[in-house]
file model_11.cif (mmCIF, C-alpha atoms)
data_my_file
loop_
_atom_site.label_atom_id
_atom_site.label_comp_id
_atom_site.auth_asym_id
_atom_site.auth_seq_id
_atom_site.Cartn_x
_atom_site.Cartn_y
_atom_site.Cartn_z
CA MET A 1 13.49 30.78 3.95
CA ASP A 2 12.56 34.49 4.27
CA LEU A 3 10.12 36.34 6.47
CA SER A 4 7.34 36.50 3.87
CA TYR A 5 7.58 32.76 3.41
CA ILE A 6 7.25 32.20 7.16
CA LYS A 7 4.30 34.59 7.29
CA LYS A 8 2.70 32.62 4.50
CA ILE A 9 3.10 29.39 6.45
CA ILE A 10 1.58 30.98 9.56
CA ARG A 11 -1.38 32.25 7.53
CA LEU A 12 -1.80 28.85 5.96
CA VAL A 13 -1.89 27.10 9.32
CA GLU A 14 -4.21 29.75 10.75
CA HIS A 15 -6.82 29.25 8.06
CA SER A 16 -6.58 25.50 7.81
CA GLU A 17 -7.60 22.42 9.76
CA VAL A 18 -3.95 21.80 10.50
CA ASP A 19 -2.76 22.49 14.03
CA GLU A 20 0.93 22.04 13.69
CA VAL A 21 3.45 22.20 10.90
CA GLU A 22 7.16 21.62 10.91
CA ILE A 23 9.32 22.38 7.89
CA GLU A 24 13.00 21.83 7.46
CA GLU A 25 14.73 23.35 4.49
CA GLU A 26 18.43 23.75 3.83
CA GLY A 27 19.26 23.18 7.47
CA LYS A 28 16.71 25.70 8.75
CA LYS A 29 13.73 24.51 10.69
CA ILE A 30 10.41 26.22 11.32
CA LYS A 31 7.61 24.91 13.48
CA VAL A 32 4.20 26.55 13.56
CA VAL A 33 1.76 25.41 16.23
CA LYS A 34 -1.78 26.66 16.53
CA ASN A 35 -2.85 27.38 20.09
CA ARG A 36 -5.95 25.30 20.29
CA LEU A 37 -7.13 22.73 22.77
CA MET A 38 -7.69 20.03 20.26
CA PRO A 39 -6.16 16.65 19.65
CA THR A 40 -3.39 17.31 17.16
CA ALA A 41 -3.42 15.63 13.84
CA SER A 42 -0.18 15.22 11.97
CA TYR A 43 -0.19 16.64 8.51
CA GLN A 44 2.11 18.10 5.97
CA ILE A 45 1.40 21.13 3.90
CA PRO A 46 1.63 21.05 0.15
CA PHE A 47 4.43 23.16 -1.26
CA SER A 48 6.29 22.07 -4.28
CA PRO A 49 10.01 21.51 -4.65
CA THR A 50 11.06 20.61 -1.13
CA VAL A 51 10.83 17.25 0.56
CA PRO A 52 7.81 17.14 2.85
CA GLN A 53 8.31 16.36 6.49
CA TYR A 54 6.49 13.62 8.25
CA HIS A 55 5.57 13.27 11.85
CA PRO A 56 5.44 9.85 13.33
CA MET A 57 1.86 8.78 13.23
CA GLN A 58 -0.09 9.29 16.38
CA ALA A 59 -3.45 8.18 17.61
CA ALA A 60 -5.53 10.17 15.15
CA PRO A 61 -5.21 8.33 11.85
CA HIS A 62 -8.08 9.94 10.01
CA LEU A 63 -10.31 12.91 10.54
CA PRO A 64 -13.80 11.87 9.60
CA ALA A 65 -14.79 15.53 9.35
CA GLN A 66 -12.75 15.75 6.15
CA GLY A 67 -14.66 13.41 3.92
CA PRO A 68 -18.06 13.89 2.38
CA GLY A 69 -18.90 11.32 5.05
CA PRO A 70 -22.52 11.24 6.18
CA ALA A 71 -22.07 7.52 5.65
CA ALA A 72 -19.71 7.12 8.58
CA PRO A 73 -21.85 7.93 11.61
CA GLU A 74 -24.98 6.37 10.18
CA PRO A 75 -23.99 2.70 10.39
CA GLY A 76 -22.91 3.29 13.97
CA ALA A 77 -26.30 4.70 14.84
CA LYS A 78 -27.98 1.78 13.19
CA ALA A 79 -25.83 -0.62 15.13
CA LYS A 80 -26.85 1.00 18.39
CA ALA A 81 -30.46 0.24 17.64
CA GLU A 82 -29.55 -3.42 17.22
CA PRO A 83 -27.38 -4.07 20.25
CA LYS A 84 -27.63 -7.84 20.22
CA TYR A 85 -25.56 -8.02 17.05
CA HIS A 86 -21.81 -8.19 16.91
CA GLU A 87 -20.23 -5.56 14.68
CA ILE A 88 -17.37 -6.11 12.28
CA ARG A 89 -15.74 -2.76 11.57
CA SER A 90 -13.26 -1.62 8.94
CA PRO A 91 -9.76 -1.34 10.39
CA ILE A 92 -8.70 1.06 7.62
CA VAL A 93 -9.93 3.62 5.10
CA GLY A 94 -10.31 2.00 1.70
CA THR A 95 -12.56 0.25 -0.79
CA PHE A 96 -14.84 -2.58 0.30
CA TYR A 97 -14.97 -5.77 -1.75
CA ARG A 98 -17.32 -8.66 -1.05
CA ALA A 99 -15.49 -11.07 -3.37
CA PRO A 100 -11.87 -11.84 -4.28
CA SER A 101 -12.53 -10.85 -7.91
CA PRO A 102 -15.44 -9.32 -9.87
CA ASP A 103 -16.64 -12.67 -11.24
CA ALA A 104 -16.11 -14.69 -8.06
CA ASP A 105 -18.80 -15.51 -5.50
CA PRO A 106 -18.97 -13.22 -2.47
CA TYR A 107 -17.12 -14.44 0.61
CA VAL A 108 -20.38 -14.39 2.60
CA GLU A 109 -24.08 -13.79 2.03
CA PRO A 110 -26.68 -12.62 4.54
CA GLY A 111 -27.98 -15.58 6.52
CA GLN A 112 -24.76 -17.53 6.20
CA THR A 113 -23.10 -18.87 9.34
CA VAL A 114 -19.46 -18.04 9.96
CA LYS A 115 -16.81 -19.11 12.41
CA PRO A 116 -13.79 -17.23 13.75
CA GLY A 117 -11.12 -16.86 11.07
CA ASP A 118 -13.55 -16.98 8.14
CA VAL A 119 -12.86 -14.24 5.61
CA LEU A 120 -15.79 -11.84 5.32
CA CYS A 121 -14.52 -9.29 2.83
CA ILE A 122 -11.53 -7.37 1.52
CA VAL A 123 -10.82 -3.72 2.18
CA GLU A 124 -8.31 -2.32 -0.29
CA ALA A 125 -6.07 0.64 0.41
CA MET A 126 -2.96 1.64 -1.51
CA LYS A 127 -3.27 -1.57 -3.57
CA LEU A 128 -3.03 -3.58 -0.42
CA MET A 129 -5.71 -6.21 -0.03
CA ASN A 130 -6.75 -6.55 3.58
CA GLU A 131 -8.77 -9.65 4.26
CA ILE A 132 -11.12 -9.03 7.13
CA GLU A 133 -11.86 -12.13 9.19
CA SER A 134 -14.70 -12.83 11.55
CA ASP A 135 -13.68 -12.88 15.19
CA ILE A 136 -16.75 -14.77 16.37
CA ALA A 137 -19.03 -17.64 15.39
CA GLY A 138 -22.50 -16.63 14.30
CA LYS A 139 -24.85 -15.75 11.49
CA VAL A 140 -24.38 -12.84 9.10
CA VAL A 141 -27.45 -10.68 9.63
CA LYS A 142 -26.65 -7.67 7.54
CA ILE A 143 -24.00 -6.43 5.12
CA LEU A 144 -24.01 -2.67 5.48
CA VAL A 145 -21.84 -1.65 2.54
CA ASP A 146 -22.26 -2.24 -1.19
CA ASN A 147 -19.50 -3.90 -3.16
CA ALA A 148 -16.68 -1.62 -4.40
CA LYS A 149 -17.81 1.33 -2.27
CA PRO A 150 -15.42 3.40 -0.15
CA VAL A 151 -15.43 2.80 3.60
CA GLU A 152 -14.20 4.94 6.47
CA TYR A 153 -12.02 3.87 9.34
CA ASN A 154 -14.10 2.06 11.99
CA GLN A 155 -17.21 1.98 9.81
CA VAL A 156 -19.44 -0.99 10.58
CA LEU A 157 -19.37 -3.46 7.68
CA PHE A 158 -21.24 -6.49 8.98
CA LEU A 159 -23.70 -7.31 11.72
CA ILE A 160 -23.33 -10.82 13.06
CA GLU A 161 -25.73 -12.59 15.39
CA PRO A 162 -23.56 -14.54 17.83
CA ALA A 163 -24.15 -18.28 17.81
CA MET B 1 16.80 -21.30 -14.06
CA LEU B 2 17.00 -19.97 -10.55
CA SER B 3 18.75 -22.05 -7.94
CA LYS B 4 18.58 -21.74 -4.20
CA GLU B 5 22.36 -21.93 -3.90
CA ASP B 6 22.97 -19.00 -6.29
CA LEU B 7 20.21 -16.88 -4.83
CA GLN B 8 21.33 -17.35 -1.26
CA LYS B 9 25.10 -17.26 -1.81
CA ASP B 10 26.74 -14.66 0.46
CA LEU B 11 23.36 -13.08 1.14
CA HIS B 12 23.89 -12.57 4.90
CA THR B 13 20.64 -10.75 5.63
CA ARG B 14 19.12 -10.46 9.11
CA VAL B 15 15.46 -11.20 8.45
CA ILE B 16 14.47 -11.09 4.79
CA GLY B 17 15.46 -14.09 2.69
CA ARG B 18 16.88 -16.21 5.48
CA ARG B 19 14.42 -18.92 4.44
CA LEU B 20 14.05 -19.36 0.72
CA PHE B 21 11.54 -21.54 -1.14
CA VAL B 22 12.47 -21.84 -4.82
CA PHE B 23 10.10 -23.28 -7.43
CA GLU B 24 10.45 -23.92 -11.13
CA SER B 25 6.74 -23.36 -11.53
CA ILE B 26 3.99 -22.56 -9.04
CA ASP B 27 0.38 -21.37 -9.15
CA SER B 28 1.11 -18.08 -7.35
CA THR B 29 3.97 -17.12 -5.05
CA ASN B 30 1.58 -15.00 -2.96
CA ALA B 31 -0.80 -17.91 -2.46
CA CYS B 32 2.11 -20.15 -1.47
CA ALA B 33 3.51 -17.57 0.96
CA ARG B 34 0.10 -17.24 2.56
CA THR B 35 -0.17 -20.98 3.03
CA LEU B 36 3.27 -20.95 4.63
CA ALA B 37 2.22 -18.03 6.84
CA GLU B 38 -0.84 -19.92 8.06
CA ALA B 39 1.42 -22.87 8.82
CA GLY B 40 3.63 -20.65 10.98
CA ALA B 41 6.55 -19.98 8.62
CA GLU B 42 9.08 -17.52 9.98
CA GLU B 43 9.12 -13.86 9.12
CA GLY B 44 11.24 -12.95 6.13
CA SER B 45 10.57 -16.22 4.32
CA VAL B 46 10.66 -15.75 0.55
CA VAL B 47 8.85 -17.77 -2.11
CA ILE B 48 10.33 -17.35 -5.57
CA ALA B 49 9.42 -19.03 -8.86
CA ASP B 50 10.64 -19.08 -12.45
CA PHE B 51 7.05 -19.19 -13.60
CA GLN B 52 3.55 -18.64 -12.20
CA THR B 53 0.64 -20.54 -13.70
CA ASN B 54 -1.89 -18.36 -11.91
CA GLY B 55 -0.15 -15.08 -11.16
CA ARG B 56 -2.54 -12.50 -9.80
CA GLY B 57 -2.89 -8.75 -9.56
CA ARG B 58 -5.50 -6.86 -7.63
CA GLN B 59 -9.13 -7.99 -7.69
CA GLY B 60 -8.21 -11.24 -9.38
CA ARG B 61 -6.64 -9.66 -12.47
CA ALA B 62 -4.09 -11.97 -14.05
CA TRP B 63 -0.38 -11.17 -13.86
CA LYS B 64 1.26 -12.82 -16.85
CA ALA B 65 5.01 -13.07 -17.12
CA ASP B 66 7.25 -15.17 -19.38
CA PRO B 67 9.10 -18.07 -17.71
CA ASN B 68 12.75 -17.91 -16.65
CA VAL B 69 13.32 -14.23 -17.43
CA ASN B 70 11.62 -12.33 -14.60
CA LEU B 71 11.66 -12.10 -10.83
CA LEU B 72 8.43 -13.32 -9.29
CA PHE B 73 8.52 -13.61 -5.54
CA SER B 74 6.65 -13.04 -2.30
CA VAL B 75 7.97 -12.05 1.10
CA LEU B 76 6.26 -12.96 4.36
CA LEU B 77 6.27 -10.21 7.02
CA ARG B 78 4.90 -10.14 10.53
CA PRO B 79 5.35 -6.49 11.54
CA GLU B 80 3.87 -4.85 14.61
CA LEU B 81 2.01 -2.06 12.89
CA LYS B 82 -0.04 0.70 14.39
CA ARG B 83 -3.70 0.82 13.58
CA GLY B 84 -4.35 2.09 10.09
CA SER B 85 -0.75 2.00 8.91
CA ALA B 86 -0.73 -1.39 7.16
CA GLY B 87 -1.23 0.40 3.82
CA LEU B 88 2.19 1.98 4.19
CA LEU B 89 3.85 -1.38 3.52
CA THR B 90 3.17 -0.67 -0.16
CA PHE B 91 5.64 2.22 -0.01
CA PHE B 92 8.20 0.08 1.80
CA ALA B 93 8.04 -2.45 -1.03
CA ALA B 94 8.16 0.22 -3.75
CA VAL B 95 11.19 2.00 -2.26
CA SER B 96 13.04 -1.29 -1.71
CA VAL B 97 12.57 -2.33 -5.35
CA ALA B 98 13.44 1.14 -6.68
CA ARG B 99 16.64 1.22 -4.63
CA ALA B 100 17.70 -2.25 -5.78
CA ILE B 101 17.13 -1.49 -9.47
CA GLU B 102 18.97 1.81 -9.22
CA LYS B 103 21.91 0.24 -7.44
CA THR B 104 22.14 -2.69 -9.85
CA SER B 105 21.63 -0.84 -13.12
CA GLY B 106 22.39 2.82 -12.45
CA CYS B 107 19.10 4.00 -13.92
CA SER B 108 16.56 6.20 -12.17
CA ILE B 109 13.18 4.81 -11.11
CA GLU B 110 10.03 6.87 -10.78
CA CYS B 111 7.33 6.04 -8.23
CA LYS B 112 3.67 6.52 -9.10
CA TRP B 113 0.97 6.41 -6.43
CA PRO B 114 0.52 4.05 -4.85
CA ASN B 115 2.51 1.05 -6.04
CA ASP B 116 3.76 1.53 -9.58
CA LEU B 117 7.41 1.70 -10.52
CA LEU B 118 8.23 3.32 -13.84
CA LEU B 119 11.34 3.36 -15.98
CA ASN B 120 11.23 5.78 -18.93
CA GLY B 121 7.54 6.17 -18.12
CA LYS B 122 6.86 2.43 -18.59
CA LYS B 123 5.61 0.10 -15.86
CA ILE B 124 8.27 -2.46 -15.05
CA CYS B 125 7.09 -3.81 -11.72
CA GLY B 126 3.87 -4.89 -10.04
CA ILE B 127 3.41 -5.04 -6.30
CA LEU B 128 0.52 -6.82 -4.63
CA LEU B 129 0.22 -6.87 -0.87
CA GLU B 130 -2.13 -9.16 0.93
CA ASN B 131 -2.80 -8.75 4.62
CA SER B 132 -4.62 -10.96 7.00
CA LEU B 133 -6.31 -8.98 9.74
CA GLU B 134 -7.75 -10.46 12.87
CA LYS B 135 -9.68 -8.12 15.08
CA GLU B 136 -7.76 -5.07 13.82
CA ALA B 137 -4.41 -6.71 14.43
CA LEU B 138 -2.24 -7.74 11.53
CA ALA B 139 -1.69 -11.48 11.57
CA TYR B 140 0.76 -11.34 8.66
CA SER B 141 1.42 -9.53 5.43
CA VAL B 142 2.56 -10.99 2.13
CA VAL B 143 4.41 -8.66 -0.23
CA GLY B 144 4.20 -9.96 -3.79
CA ILE B 145 6.62 -8.53 -6.33
CA GLY B 146 6.59 -9.14 -10.07
CA LEU B 147 9.58 -7.47 -11.67
CA ASN B 148 10.00 -7.59 -15.45
CA VAL B 149 13.71 -8.18 -15.85
CA ASN B 150 14.67 -9.71 -19.19
CA GLN B 151 11.30 -10.23 -20.85
CA LYS B 152 11.51 -9.14 -24.52
CA ASN B 153 7.94 -9.02 -25.73
CA PHE B 154 4.75 -7.69 -24.22
CA ARG B 155 1.17 -8.14 -25.35
CA ASP B 156 -0.18 -5.33 -27.50
CA ASP B 157 -2.69 -4.33 -24.84
CA LEU B 158 0.16 -3.69 -22.41
CA ARG B 159 1.63 -0.71 -24.22
CA LYS B 160 2.71 0.90 -20.98
CA ALA B 161 4.54 -2.20 -19.75
CA SER B 162 8.18 -2.97 -20.29
CA SER B 163 11.14 -4.73 -18.75
CA LEU B 164 14.44 -3.52 -17.38
CA SER B 165 16.45 -5.08 -20.21
CA ARG B 166 14.16 -3.62 -22.87
CA GLU B 167 14.59 -0.13 -21.44
CA LEU B 168 18.28 -0.45 -20.65
CA GLY B 169 19.27 -2.31 -23.80
CA ALA B 170 21.10 -5.11 -22.00
CA PRO B 171 20.11 -8.17 -19.98
CA LEU B 172 20.50 -8.14 -16.20
CA SER B 173 21.51 -10.89 -13.82
CA ARG B 174 18.38 -12.05 -12.00
CA ASP B 175 20.46 -13.48 -9.16
CA ARG B 176 22.24 -10.20 -8.54
CA LEU B 177 19.06 -8.17 -8.76
CA PHE B 178 17.21 -10.49 -6.40
CA GLN B 179 20.03 -10.37 -3.86
CA GLU B 180 20.13 -6.59 -3.97
CA LEU B 181 16.37 -6.48 -3.55
CA VAL B 182 16.44 -8.71 -0.51
CA ARG B 183 19.31 -6.70 0.98
CA GLN B 184 17.49 -3.40 0.49
CA MET B 185 14.33 -4.79 2.07
CA ASP B 186 16.35 -6.18 4.95
CA GLU B 187 18.03 -2.83 5.50
CA LEU B 188 14.80 -0.81 5.38
CA TYR B 189 12.75 -3.25 7.43
CA PRO B 190 13.74 -2.69 11.10
CA PRO B 191 11.94 0.67 11.54
CA VAL B 192 9.04 -0.53 9.37
CA ARG B 193 8.61 -3.49 11.68
CA LYS B 194 7.94 -1.01 14.48
CA SER B 195 5.56 1.01 12.33
CA GLN B 196 7.99 3.84 11.58
CA PHE B 197 7.58 4.86 7.97
CA ASP B 198 8.88 8.46 7.97
CA SER B 199 12.07 7.90 6.03
CA ILE B 200 10.35 5.50 3.60
CA LEU B 201 7.73 8.12 2.75
CA ILE B 202 10.32 10.86 2.31
CA GLU B 203 12.29 8.65 -0.05
CA TRP B 204 9.16 7.66 -1.95
CA ASN B 205 8.26 11.35 -2.31
CA ALA B 206 11.65 12.14 -3.77
CA ARG B 207 10.98 9.58 -6.53
CA CYS B 208 7.43 10.71 -7.27
CA ARG B 209 6.83 13.16 -10.10
CA MET B 210 3.05 13.36 -9.87
CA PHE B 211 2.78 16.34 -7.59
CA GLY B 212 1.60 19.52 -9.24
CA LYS B 213 0.21 17.54 -12.18
CA GLU B 214 -3.37 16.96 -13.23
CA VAL B 215 -4.54 13.46 -12.40
CA THR B 216 -7.67 11.35 -12.67
CA VAL B 217 -8.41 8.62 -10.18
CA ALA B 218 -10.81 5.93 -11.33
CA GLN B 219 -12.73 4.31 -8.49
CA ASP B 220 -15.46 1.88 -9.37
CA LYS B 221 -17.99 4.12 -11.13
CA ARG B 222 -16.55 7.37 -9.86
CA HIS B 223 -13.79 9.52 -11.32
CA ILE B 224 -11.95 12.14 -9.30
CA SER B 225 -9.99 14.76 -11.21
CA GLY B 226 -7.71 17.48 -9.94
CA THR B 227 -4.16 18.39 -9.09
CA ALA B 228 -2.14 15.85 -7.11
CA VAL B 229 -0.67 17.83 -4.23
CA ALA B 230 0.76 15.57 -1.57
CA LEU B 231 1.15 12.19 0.01
CA GLU B 232 -0.61 12.08 3.37
CA PRO B 233 1.23 10.52 6.33
CA ASP B 234 -1.26 7.64 6.21
CA GLY B 235 -0.42 6.94 2.57
CA GLY B 236 -3.44 8.59 0.96
CA LEU B 237 -3.05 10.84 -2.07
CA ARG B 238 -4.33 14.36 -1.59
CA ILE B 239 -5.91 15.91 -4.65
CA ASN B 240 -7.14 19.47 -5.06
CA THR B 241 -10.38 19.08 -6.98
CA PRO B 242 -12.59 21.91 -8.26
CA SER B 243 -14.88 21.22 -5.28
CA GLY B 244 -12.11 21.20 -2.69
CA PRO B 245 -9.33 18.96 -1.40
CA GLU B 246 -9.95 15.23 -1.31
CA THR B 247 -7.79 12.32 -0.16
CA VAL B 248 -8.02 9.04 -2.03
CA TYR B 249 -6.97 5.64 -0.74
CA ALA B 250 -7.80 3.43 -3.68
CA GLY B 251 -8.24 3.59 -7.41
CA ASP B 252 -6.23 3.69 -10.62
CA VAL B 253 -4.41 6.96 -11.19
CA THR B 254 -3.75 8.45 -14.60
CA VAL B 255 -1.58 11.51 -15.02
CA VAL B 256 -3.42 13.76 -17.46
CA SER B 257 -0.87 16.49 -18.12
CA SER B 258 2.80 16.98 -17.47
#
call {"tool": "encode", "arguments": {"input": "model_11.cif", "output": "structure tokens"}}
result
Amino acid sequence: MDLSYIKKIIRLVEHSEVDEVEIEEEGKKIKVVKNRLMPTASYQIPFSPTVPQYHPMQAAPHLPAQGPGPAAPEPGAKAKAEPKYHEIRSPIVGTFYRAPSPDADPYVEPGQTVKPGDVLCIVEAMKLMNEIESDIAGKVVKILVDNAKPVEYNQVLFLIEPA
Amino acid sequence: MLSKEDLQKDLHTRVIGRRLFVFESIDSTNACARTLAEAGAEEGSVVIADFQTNGRGRQGRAWKADPNVNLLFSVLLRPELKRGSAGLLTFFAAVSVARAIEKTSGCSIECKWPNDLLLNGKKICGILLENSLEKEALAYSVVGIGLNVNQKNFRDDLRKASSLSRELGAPLSRDRLFQELVRQMDELYPPVRKSQFDSILIEWNARCRMFGKEVTVAQDKRHISGTAVALEPDGGLRINTPSGPETVYAGDVTVVSS
């Protein structure tokens, strides 16, 4: 770990979205922190042969600014205009599926009544199928995402009219 | 045939495998584990079968495996995970299986994002996780593992699939492999249970050979191509594409060049 390497890391941090980087290599540790009053996100930087370091995950799981994401704020805005509806949001970043398999019927259709515990959809991330259940009884008013489309963390998926 | 006595003999694990449900044939071990979970079965319960009549992969794809030669089982977990980190259980499962195979057979296992395990470049294991989420909290998670152990023949359309015995040239004891797998999971689980995945991700990284290579990720109707650069702390795969960096969370990855 020589001086030019450290300079490179500092430059990298300076010109990136990353606020803090910690690298340990052959017993030597370097930590670069950007002096900014911003919530810190934990990231690693890509550099090849060494083992990347991980920070324990903190409160900021995903930066919506990163994605192409005009989709993310829009459903929220829509939901605000319809305050009487209960929102079901995506707990993770992933792919939205309305049915358990491509040739199966969707879990729910607009207009259908649901009760707490009923499965509404699957959001897949890292080959992990997350079944999203309804937490209230009511009628599905709107399904805001098309099948097999990517969804952001906290994106509104369903609007439900409470029974 | 698998027997409960042989599988559990001298196992002595803390959580994983303390309850064992052994079947000669079952529709799907994941489906059974989920039914048990709903009925309040204890954490660490394992459902294992010699044969699955309706084995499943993601999005309802069939998982076909010959009877009496493979390890097909599901583990029920009830971890207290932080928001957004449920996807990291995939890496916990992958590292556990890789460790167990390496310890039992001495060979070296490669991890491919997110859940593939390769031996000599061939897929030898499938992992399917199913979570039940209630109001953002994880009710339970079922980790389904299909490990090709002593299967000799594979369908022509599965050219990239193989089994441990086919690659290693000798049959393996399913009992021994299963026990090692359960022990590795049991050993790695305590921090995972509290949502600490740091060491799992570091170990997964050390087994991954995708970084620096050109990859294509197929998502629905979209294809993302670029250089795989890193695993994000939340489990996403960061790719440098011609139009900038992008992190993917789902899709089938193909390594284009080496």
call {"tool": "closest_atom_pairs", "arguments": {"input": "model_11.cif", "of": "chain B", "to": "chain A", "cutoff": "6 Å", "atoms": "all atoms listed in the file", "output": "tab-separated table"}}
result
residue	atom	partner	partner_atom	distance
B:Gln59	CA	A:Ser101	CA	4.4
B:Gly60	CA	A:Ser101	CA	4.6
B:Gly84	CA	A:Ile92	CA	5.1
B:Gly87	CA	A:Met126	CA	5.7
B:Pro114	CA	A:Met126	CA	5.4
B:Leu129	CA	A:Leu128	CA	4.6
B:Glu130	CA	A:Met129	CA	4.7
B:Asn131	CA	A:Asn130	CA	4.6
B:Ser132	CA	A:Glu131	CA	5.1
B:Leu133	CA	A:Ile132	CA	5.5
B:Glu134	CA	A:Glu133	CA	5.8
B:Glu136	CA	A:Pro91	CA	5.4
B:Asp198	CA	A:Tyr54	CA	5.7
B:Val229	CA	A:Pro46	CA	5.9
B:Ala230	CA	A:Pro46	CA	5.8
B:Tyr249	CA	A:Ala125	CA	5.2
B:Ala250	CA	A:Ala125	CA	5.2
call {"tool": "resolve_selection", "arguments": {"input": "model_11.cif", "expression": "the PyMOL selection byres ((chain B and resi 211) around 6)", "output": "list of chain:residue names"}}
result
B:Arg209, B:Met210, B:Gly212, B:Lys213, B:Ala228, B:Val229
call {"tool": "closest_residue", "arguments": {"input": "model_11.cif", "among": "B:Ala137, B:Ala86, B:Val142, B:Leu2", "to": "Ser45 in chain B", "atoms": "all atoms listed in the file"}}
result
B:Val142
call {"tool": "atom_distance", "arguments": {"input": "model_11.cif", "atom1": "CA of Gly144 in chain B", "atom2": "CA of Arg19 in chain B"}}
result
15.9 Å
call {"tool": "atom_distance", "arguments": {"input": "model_11.cif", "atom1": "CA of Arg18 in chain B", "atom2": "CA of Arg207 in chain B"}}
result
29.1 Å
call {"tool": "atom_distance", "arguments": {"input": "model_11.cif", "atom1": "CA of Val95 in chain B", "atom2": "CA of Ile224 in chain B"}}
result
26.2 Å
call {"tool": "resolve_selection", "arguments": {"input": "model_11.cif", "expression": "the PyMOL selection byres ((chain A and resi 112) around 10)", "output": "PyMOL selection string"}}
result
chain A and resi 107-111+113-114+138-141+160
call {"tool": "residues_around", "arguments": {"input": "model_11.cif", "residues": "Ile145 in chain B", "least_positions_apart": "2", "cutoff": "10 Å", "atoms": "all atoms listed in the file", "output": "PDB file with C-alpha atoms, in the coordinates of the input"}}
result
ATOM      1  CA  THR B  29       3.970 -17.120  -5.050  1.00  0.00           C
ATOM      2  CA  ASN B  30       1.580 -15.000  -2.960  1.00  0.00           C
ATOM      3  CA  ILE B  48      10.330 -17.350  -5.570  1.00  0.00           C
ATOM      4  CA  LEU B  71      11.660 -12.100 -10.830  1.00  0.00           C
ATOM      5  CA  LEU B  72       8.430 -13.320  -9.290  1.00  0.00           C
ATOM      6  CA  PHE B  73       8.520 -13.610  -5.540  1.00  0.00           C
ATOM      7  CA  SER B  74       6.650 -13.040  -2.300  1.00  0.00           C
ATOM      8  CA  VAL B  75       7.970 -12.050   1.100  1.00  0.00           C
ATOM      9  CA  ALA B  93       8.040  -2.450  -1.030  1.00  0.00           C
ATOM     10  CA  ALA B  94       8.160   0.220  -3.750  1.00  0.00           C
ATOM     11  CA  VAL B  97      12.570  -2.330  -5.350  1.00  0.00           C
ATOM     12  CA  CYS B 125       7.090  -3.810 -11.720  1.00  0.00           C
ATOM     13  CA  GLY B 126       3.870  -4.890 -10.040  1.00  0.00           C
ATOM     14  CA  ILE B 127       3.410  -5.040  -6.300  1.00  0.00           C
ATOM     15  CA  LEU B 128       0.520  -6.820  -4.630  1.00  0.00           C
ATOM     16  CA  LEU B 129       0.220  -6.870  -0.870  1.00  0.00           C
ATOM     17  CA  VAL B 142       2.560 -10.990   2.130  1.00  0.00           C
ATOM     18  CA  VAL B 143       4.410  -8.660  -0.230  1.00  0.00           C
ATOM     19  CA  LEU B 147       9.580  -7.470 -11.670  1.00  0.00           C
ATOM     20  CA  ASN B 148      10.000  -7.590 -15.450  1.00  0.00           C
TER      21      ASN B 148
END
call {"tool": "resolve_selection", "arguments": {"input": "model_11.cif", "expression": "the PyMOL selection byres ((chain B and resi 24) around 12)", "output": "list in words"}}
result
Met1, Leu2, Ser3, Lys4, Phe21, Val22, Phe23, Ser25, Ile26, Asp27, Ser28, Thr29, Val47, Ile48, Ala49, Asp50, Phe51, Gln52, Thr53, Pro67, Asn68, Val69, Leu71, Leu72 and Phe73 of chain B
call {"tool": "decode", "arguments": {"input": "model_11.cif", "residues": "range 171-177 of chain B", "atoms": "N, CA, C and O atoms", "output": "PDB file, in the first residue's frame"}}
result
ATOM      1  N   PRO B 171     -18.376 -41.837  -6.022  1.00  0.00           N
ATOM      2  CA  PRO B 171     -19.591 -41.495  -5.276  1.00  0.00           C
ATOM      3  C   PRO B 171     -19.274 -40.946  -3.888  1.00  0.00           C
ATOM      4  O   PRO B 171     -18.217 -41.233  -3.325  1.00  0.00           O
ATOM      5  N   LEU B 172     -20.201 -40.138  -3.380  1.00  0.00           N
ATOM      6  CA  LEU B 172     -20.016 -39.556  -2.041  1.00  0.00           C
ATOM      7  C   LEU B 172     -21.105 -40.065  -1.107  1.00  0.00           C
ATOM      8  O   LEU B 172     -22.211 -40.391  -1.552  1.00  0.00           O
ATOM      9  N   SER B 173     -20.813 -40.092   0.167  1.00  0.00           N
ATOM     10  CA  SER B 173     -21.811 -40.480   1.151  1.00  0.00           C
ATOM     11  C   SER B 173     -22.774 -39.324   1.367  1.00  0.00           C
ATOM     12  O   SER B 173     -22.378 -38.225   1.771  1.00  0.00           O
ATOM     13  N   ARG B 174     -24.064 -39.571   1.087  1.00  0.00           N
ATOM     14  CA  ARG B 174     -25.056 -38.506   1.268  1.00  0.00           C
ATOM     15  C   ARG B 174     -25.220 -38.160   2.741  1.00  0.00           C
ATOM     16  O   ARG B 174     -25.413 -37.004   3.098  1.00  0.00           O
ATOM     17  N   ASP B 175     -25.133 -39.175   3.602  1.00  0.00           N
ATOM     18  CA  ASP B 175     -25.267 -38.928   5.042  1.00  0.00           C
ATOM     19  C   ASP B 175     -24.181 -37.972   5.527  1.00  0.00           C
ATOM     20  O   ASP B 175     -24.439 -37.009   6.239  1.00  0.00           O
ATOM     21  N   ARG B 176     -22.950 -38.276   5.127  1.00  0.00           N
ATOM     22  CA  ARG B 176     -21.817 -37.473   5.600  1.00  0.00           C
ATOM     23  C   ARG B 176     -21.911 -36.044   5.079  1.00  0.00           C
ATOM     24  O   ARG B 176     -21.671 -35.076   5.790  1.00  0.00           O
ATOM     25  N   LEU B 177     -22.273 -35.933   3.809  1.00  0.00           N
ATOM     26  CA  LEU B 177     -22.383 -34.612   3.195  1.00  0.00           C
ATOM     27  C   LEU B 177     -23.493 -33.794   3.858  1.00  0.00           C
ATOM     28  O   LEU B 177     -23.323 -32.607   4.158  1.00  0.00           O
TER      29      LEU B 177
END
